[in-house]
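Student: Below you'll find upload.txt; it's compact mmCIF, C-alpha atoms.
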# COMPACT_ATOMS: atom_id res chain seq x y z
CA MET X 16 -69.68 175.62 374.56
CA ILE X 17 -69.67 179.38 374.77
CA VAL X 18 -72.94 181.17 374.07
CA VAL X 19 -72.77 184.94 373.83
CA GLU X 20 -75.13 187.85 373.30
CA TYR X 21 -75.82 188.90 369.72
CA ASP X 22 -72.85 190.66 368.13
CA GLU X 23 -73.58 193.44 365.61
CA LYS X 24 -70.44 192.36 363.71
CA TRP X 25 -71.81 188.93 362.74
CA PRO X 26 -73.52 190.07 359.51
CA GLU X 27 -70.33 191.88 358.48
CA CYS X 28 -68.28 188.75 359.26
CA PHE X 29 -70.64 186.68 357.11
CA ASN X 30 -70.39 189.14 354.21
CA SER X 31 -66.60 189.09 354.39
CA ILE X 32 -66.55 185.30 354.18
CA LYS X 33 -69.18 185.29 351.44
CA ASN X 34 -67.10 187.68 349.34
CA GLU X 35 -64.07 185.40 349.66
CA LEU X 36 -66.12 182.34 348.70
CA LEU X 37 -67.62 184.04 345.67
CA LYS X 38 -64.13 184.80 344.36
CA VAL X 39 -63.76 181.08 343.63
CA ILE X 40 -67.31 179.72 343.35
CA LYS X 41 -68.29 180.61 339.80
CA VAL X 42 -71.40 178.45 339.41
CA PRO X 43 -74.97 179.65 340.09
CA CYS X 44 -75.63 179.43 343.84
CA GLU X 45 -76.92 181.18 346.92
CA VAL X 46 -74.61 181.86 349.85
CA GLN X 47 -76.74 182.17 352.96
CA HIS X 48 -75.99 183.16 356.54
CA VAL X 49 -77.95 180.65 358.63
CA GLY X 50 -78.00 179.59 362.26
CA SER X 51 -78.32 181.72 365.36
CA THR X 52 -75.70 184.31 364.37
CA SER X 53 -77.92 185.22 361.42
CA VAL X 54 -80.81 186.37 363.63
CA TYR X 55 -80.63 189.81 365.25
CA GLY X 56 -80.94 189.52 369.04
CA MET X 57 -80.22 185.79 369.17
CA ILE X 58 -77.74 184.41 371.67
CA ALA X 59 -75.34 182.06 369.92
CA LYS X 60 -72.04 180.31 369.76
CA PRO X 61 -69.81 182.91 368.05
CA VAL X 62 -69.49 180.78 364.91
CA ILE X 63 -70.89 181.90 361.56
CA ASP X 64 -72.90 179.15 359.84
CA ILE X 65 -72.91 179.36 356.05
CA ASP X 66 -74.87 177.32 353.53
CA VAL X 67 -73.81 177.43 349.89
CA ALA X 68 -76.84 176.21 347.95
CA LEU X 69 -76.01 175.14 344.42
CA ASP X 70 -78.57 175.62 341.67
CA ASN X 71 -77.28 172.43 340.05
CA TRP X 72 -75.88 169.65 342.24
CA LYS X 73 -73.77 168.47 339.31
CA ASP X 74 -71.53 171.47 340.08
CA PHE X 75 -70.56 170.05 343.48
CA CYS X 76 -67.27 168.47 342.36
CA CYS X 77 -66.17 171.73 340.76
CA VAL X 78 -67.06 173.70 343.90
CA LYS X 79 -65.30 171.16 346.11
CA ASN X 80 -62.13 171.54 344.01
CA GLU X 81 -62.31 175.34 344.08
CA LEU X 82 -62.80 175.35 347.86
CA SER X 83 -59.76 173.09 348.28
CA LYS X 84 -57.68 175.68 346.41
CA ILE X 85 -58.42 178.27 349.12
CA GLY X 86 -57.79 175.93 352.04
CA TYR X 87 -60.98 173.97 352.71
CA ALA X 88 -61.10 170.23 353.36
CA HIS X 89 -64.21 168.25 352.50
CA GLU X 90 -65.50 166.51 355.64
CA GLY X 91 -68.37 164.54 354.08
CA ASP X 92 -72.02 164.88 355.04
CA LEU X 93 -71.49 164.41 358.81
CA GLY X 94 -74.73 162.44 358.97
CA ILE X 95 -76.94 164.91 357.11
CA LYS X 96 -77.59 163.50 353.67
CA GLY X 97 -77.17 166.00 350.85
CA ARG X 98 -75.32 168.61 352.93
CA GLU X 99 -71.55 168.46 352.61
CA ALA X 100 -69.37 170.00 355.34
CA PHE X 101 -66.04 171.78 354.84
CA SER X 102 -63.39 172.92 357.31
CA ARG X 103 -60.27 175.03 357.07
CA ASN X 104 -57.27 172.75 356.56
CA GLY X 105 -54.40 175.15 357.18
CA THR X 106 -52.75 174.68 353.79
CA PHE X 107 -53.56 178.14 352.39
CA PHE X 108 -53.63 181.23 354.57
CA ASN X 109 -56.45 183.71 354.08
CA GLU X 110 -56.73 186.50 356.62
CA ILE X 111 -60.54 186.61 356.51
CA LEU X 112 -61.26 182.88 356.28
CA ASP X 113 -58.72 182.03 358.97
CA SER X 114 -59.68 184.76 361.43
CA ILE X 115 -63.47 184.40 361.48
CA GLU X 116 -64.68 181.15 362.99
CA HIS X 117 -67.27 179.59 360.72
CA HIS X 118 -68.91 176.39 359.56
CA LEU X 119 -69.29 175.92 355.82
CA TYR X 120 -71.78 173.59 354.18
CA VAL X 121 -72.55 172.99 350.51
CA CYS X 122 -75.86 171.54 349.39
CA SER X 123 -78.38 171.69 346.60
CA ALA X 124 -80.82 174.60 346.64
CA SER X 125 -83.54 171.92 346.62
CA ASN X 126 -82.17 170.21 349.76
CA ASP X 127 -84.82 169.91 352.49
CA GLU X 128 -82.41 170.72 355.33
CA TYR X 129 -81.30 173.87 353.54
CA LYS X 130 -84.91 174.95 353.03
CA ARG X 131 -85.60 174.33 356.74
CA HIS X 132 -82.58 176.46 357.74
CA VAL X 133 -83.80 179.38 355.65
CA LEU X 134 -87.44 179.07 356.76
CA PHE X 135 -86.44 178.87 360.44
CA ARG X 136 -84.04 181.81 360.15
CA ASN X 137 -86.53 183.99 358.29
CA TYR X 138 -89.29 183.27 360.78
CA LEU X 139 -87.08 184.17 363.77
CA ARG X 140 -85.97 187.35 362.01
CA LYS X 141 -89.60 188.46 361.66
CA HIS X 142 -91.03 187.21 364.95
CA ASP X 143 -89.32 188.54 368.07
CA GLU X 144 -91.46 186.36 370.35
CA ALA X 145 -90.24 183.19 368.61
CA ARG X 146 -86.63 184.40 368.77
CA ASP X 147 -87.01 185.21 372.47
CA GLU X 148 -88.53 181.77 373.15
CA TYR X 149 -85.59 180.12 371.39
CA ASN X 150 -83.19 182.20 373.50
CA ARG X 151 -85.07 181.02 376.62
CA ILE X 152 -84.84 177.39 375.48
CA LYS X 153 -81.10 177.67 374.87
CA LEU X 154 -80.50 179.12 378.34
CA GLU X 155 -82.72 176.52 379.97
CA ILE X 156 -80.81 173.69 378.31
CA LEU X 157 -77.44 175.21 379.23
CA ASN X 158 -78.56 175.55 382.85
CA LYS X 159 -79.54 171.87 382.90
CA VAL X 160 -76.58 170.29 381.08
CA GLY X 161 -73.81 172.85 381.59
CA ALA X 162 -71.77 174.78 379.06
CA GLU X 163 -69.13 172.04 378.80
CA ASN X 164 -71.45 169.32 377.55
CA ARG X 165 -72.15 170.07 373.89
CA ALA X 166 -73.38 166.54 373.14
CA ALA X 167 -75.96 166.70 375.96
CA TYR X 168 -77.01 170.18 374.79
CA VAL X 169 -77.64 168.95 371.23
CA GLN X 170 -79.38 165.80 372.48
CA MET X 171 -81.69 167.69 374.87
CA LYS X 172 -82.55 170.21 372.17
CA GLN X 173 -83.49 167.34 369.89
CA ASP X 174 -85.30 165.22 372.49
CA GLU X 175 -87.22 167.83 374.43
CA TYR X 176 -87.66 170.76 372.07
CA SER X 177 -88.08 169.28 368.60
CA ASN X 178 -91.77 170.27 368.72
CA PHE X 179 -90.76 173.92 369.04
CA PHE X 180 -88.59 173.71 365.93
CA GLU X 181 -91.16 171.78 363.93
CA GLU X 182 -93.88 174.27 364.87
CA ILE X 183 -91.70 177.20 363.76
CA ILE X 184 -90.95 175.44 360.45
CA LYS X 185 -94.65 174.74 359.95
CA MET X 186 -95.65 178.36 360.67
CA ALA X 187 -92.82 179.65 358.47
CA ALA X 188 -93.85 177.42 355.57
CA LYS X 189 -97.47 178.52 355.93
CA GLU X 190 -96.41 182.16 356.04
CA ASN X 191 -94.15 181.63 353.03
CA CYS X 192 -96.98 180.06 351.00
CA SER X 193 -99.32 182.96 351.68
CA LYS X 194 -96.99 185.42 349.95
What does the file become when written as structure tokens?

Tutor:
Amino acid sequence: MIVVEYDEKWPECFNSIKNELLKVIKVPCEVQHVGSTSVYGMIAKPVIDIDVALDNWKDFCCVKNELSKIGYAHEGDLGIKGREAFSRNGTFFNEILDSIEHHLYVCSASNDEYKRHVLFRNYLRKHDEARDEYNRIKLEILNKVGAENRAAYVQMKQDEYSNFFEEIIKMAAKENCSK
């Protein structure tokens, strides 16, 4: 698992992918850059995480079909109910979609996991101290489990640092409500 310093190109990469997606997704939705690559100054795996949040979940089948036409395979929810994962399947070449490593998820705009992603991202974007603490946590975990052990990294993050994430979500939600 490679973790690198923030790359100024990540927002541009996201926008390039978003533009390609919006060529085929014609239903009301939000296309959001989430995950560590979406936060300036965050160390991250160099993989762009994208959530497509549909205004109406009834549109999912249509979106799934349109994504298949540009080379995405539906992978199911991968254990997160209400968030459907997609991967490139190699059947249709697209210079942008095939050259920028990314994870693509489709969910309802009302999905709790989606809301948490956006709250967490927005809080880290506004609070350098929280971003820096998350960077410290990532490095600490990598030092303990090693860069080769992704499963142990994810497990340790969940087991030992879930309070950090929950506290950020709680503060972000409180901040969001006061607007």

Student: Can you tell me how far CA of Cys44 (chain X) sits from CA of Ala124 (chain X), in Å to one decimal?

Tutor: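 CA of Ala124 (chain X) lies at a distance of 7.6 Å from CA of Cys44 (chain X).
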
Student: Using all atoms listed in the file, can you tell me which of X:Asp64, X:Lys141, X:Val133, X:Glu116 comes closest to Ala100 (chain X)?

Tutor: X:Asp64

Student: Between CA of Ser123 (chain X) and CA of Phe75 (chain X), measure the distance and give it in Å to one decimal.

Tutor: 8.6 Å

Student: Hey, which of X:Ser125, X:Ser53, X:Asn80, X:Asn71 ends up closest to Ile40 (chain X)? Count all atoms listed in the file.

Tutor: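 Once distances to Ile40 (chain X) are computed over all atoms listed in the file, the minimum belongs to X:Asn80.
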
Student: CA of Cys76 (chain X) and CA of Pro43 (chain X) are how many Å apart?

Tutor: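 Rounded to one decimal, the two atoms are 13.8 Å apart.
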
Student: Which is closer to Ile58 (chain X) than all the others in X:Tyr149, X:Tyr176, X:Tyr138, X:Phe108, using all atoms listed in the file?

Tutor: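 Comparing X:Tyr149, X:Tyr176, X:Tyr138, X:Phe108 against Ile58 (chain X), the winner is X:Tyr149.
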
Student: Out of X:Glu45, X:Glu35, X:Glu90, X:Glu163, which residue has the shortest atom-to-atom distance to Val18 (chain X) when counting all atoms listed in the file?

Tutor: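 Using all atoms listed in the file, the shortest distance to Val18 (chain X) belongs to X:Glu163.
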
Student: Considering all atoms listed in the file, state which residue in the set X:Leu37, X:Ile111, X:Ile85, X:Leu157 is at the smallest distance from Ala59 (chain X).

Tutor: X:Leu157

Student: Given the choices X:Val46, X:Ala145, X:Leu119, X:Val169, which gets closest to Ala88 (chain X) if the distance is worked out from only C-alpha atoms?

Tutor: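 When distances to Ala88 (chain X) are compared using only C-alpha atoms, the smallest one comes from X:Leu119.
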
Student: Name all residues at most 12 Å from Gly50 (chain X) (count all atoms listed in the file; drop same-chain ones fewer than 6 positions away) and give them as a PDB file with C-alpha atoms, in the frame of the given file.

Tutor:
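Final file, out.pdb:
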ATOM      1  CA  TRP X  25     -71.810 188.930 362.740  1.00  0.00           C
ATOM      2  CA  PRO X  26     -73.520 190.070 359.510  1.00  0.00           C
ATOM      3  CA  PHE X  29     -70.640 186.680 357.110  1.00  0.00           C
ATOM      4  CA  MET X  57     -80.220 185.790 369.170  1.00  0.00           C
ATOM      5  CA  ILE X  58     -77.740 184.410 371.670  1.00  0.00           C
ATOM      6  CA  ALA X  59     -75.340 182.060 369.920  1.00  0.00           C
ATOM      7  CA  LYS X  60     -72.040 180.310 369.760  1.00  0.00           C
ATOM      8  CA  PRO X  61     -69.810 182.910 368.050  1.00  0.00           C
ATOM      9  CA  VAL X  62     -69.490 180.780 364.910  1.00  0.00           C
ATOM     10  CA  ILE X  63     -70.890 181.900 361.560  1.00  0.00           C
ATOM     11  CA  ASP X  64     -72.900 179.150 359.840  1.00  0.00           C
ATOM     12  CA  ILE X  65     -72.910 179.360 356.050  1.00  0.00           C
ATOM     13  CA  ASP X  66     -74.870 177.320 353.530  1.00  0.00           C
ATOM     14  CA  HIS X 117     -67.270 179.590 360.720  1.00  0.00           C
ATOM     15  CA  HIS X 118     -68.910 176.390 359.560  1.00  0.00           C
ATOM     16  CA  LEU X 119     -69.290 175.920 355.820  1.00  0.00           C
ATOM     17  CA  TYR X 120     -71.780 173.590 354.180  1.00  0.00           C
ATOM     18  CA  TYR X 129     -81.300 173.870 353.540  1.00  0.00           C
ATOM     19  CA  ARG X 131     -85.600 174.330 356.740  1.00  0.00           C
ATOM     20  CA  HIS X 132     -82.580 176.460 357.740  1.00  0.00           C
ATOM     21  CA  VAL X 133     -83.800 179.380 355.650  1.00  0.00           C
ATOM     22  CA  LEU X 134     -87.440 179.070 356.760  1.00  0.00           C
ATOM     23  CA  PHE X 135     -86.440 178.870 360.440  1.00  0.00           C
ATOM     24  CA  ARG X 136     -84.040 181.810 360.150  1.00  0.00           C
ATOM     25  CA  ASN X 137     -86.530 183.990 358.290  1.00  0.00           C
ATOM     26  CA  TYR X 138     -89.290 183.270 360.780  1.00  0.00           C
ATOM     27  CA  LEU X 139     -87.080 184.170 363.770  1.00  0.00           C
ATOM     28  CA  ARG X 140     -85.970 187.350 362.010  1.00  0.00           C
ATOM     29  CA  ARG X 146     -86.630 184.400 368.770  1.00  0.00           C
ATOM     30  CA  TYR X 149     -85.590 180.120 371.390  1.00  0.00           C
TER      31      TYR X 149
END
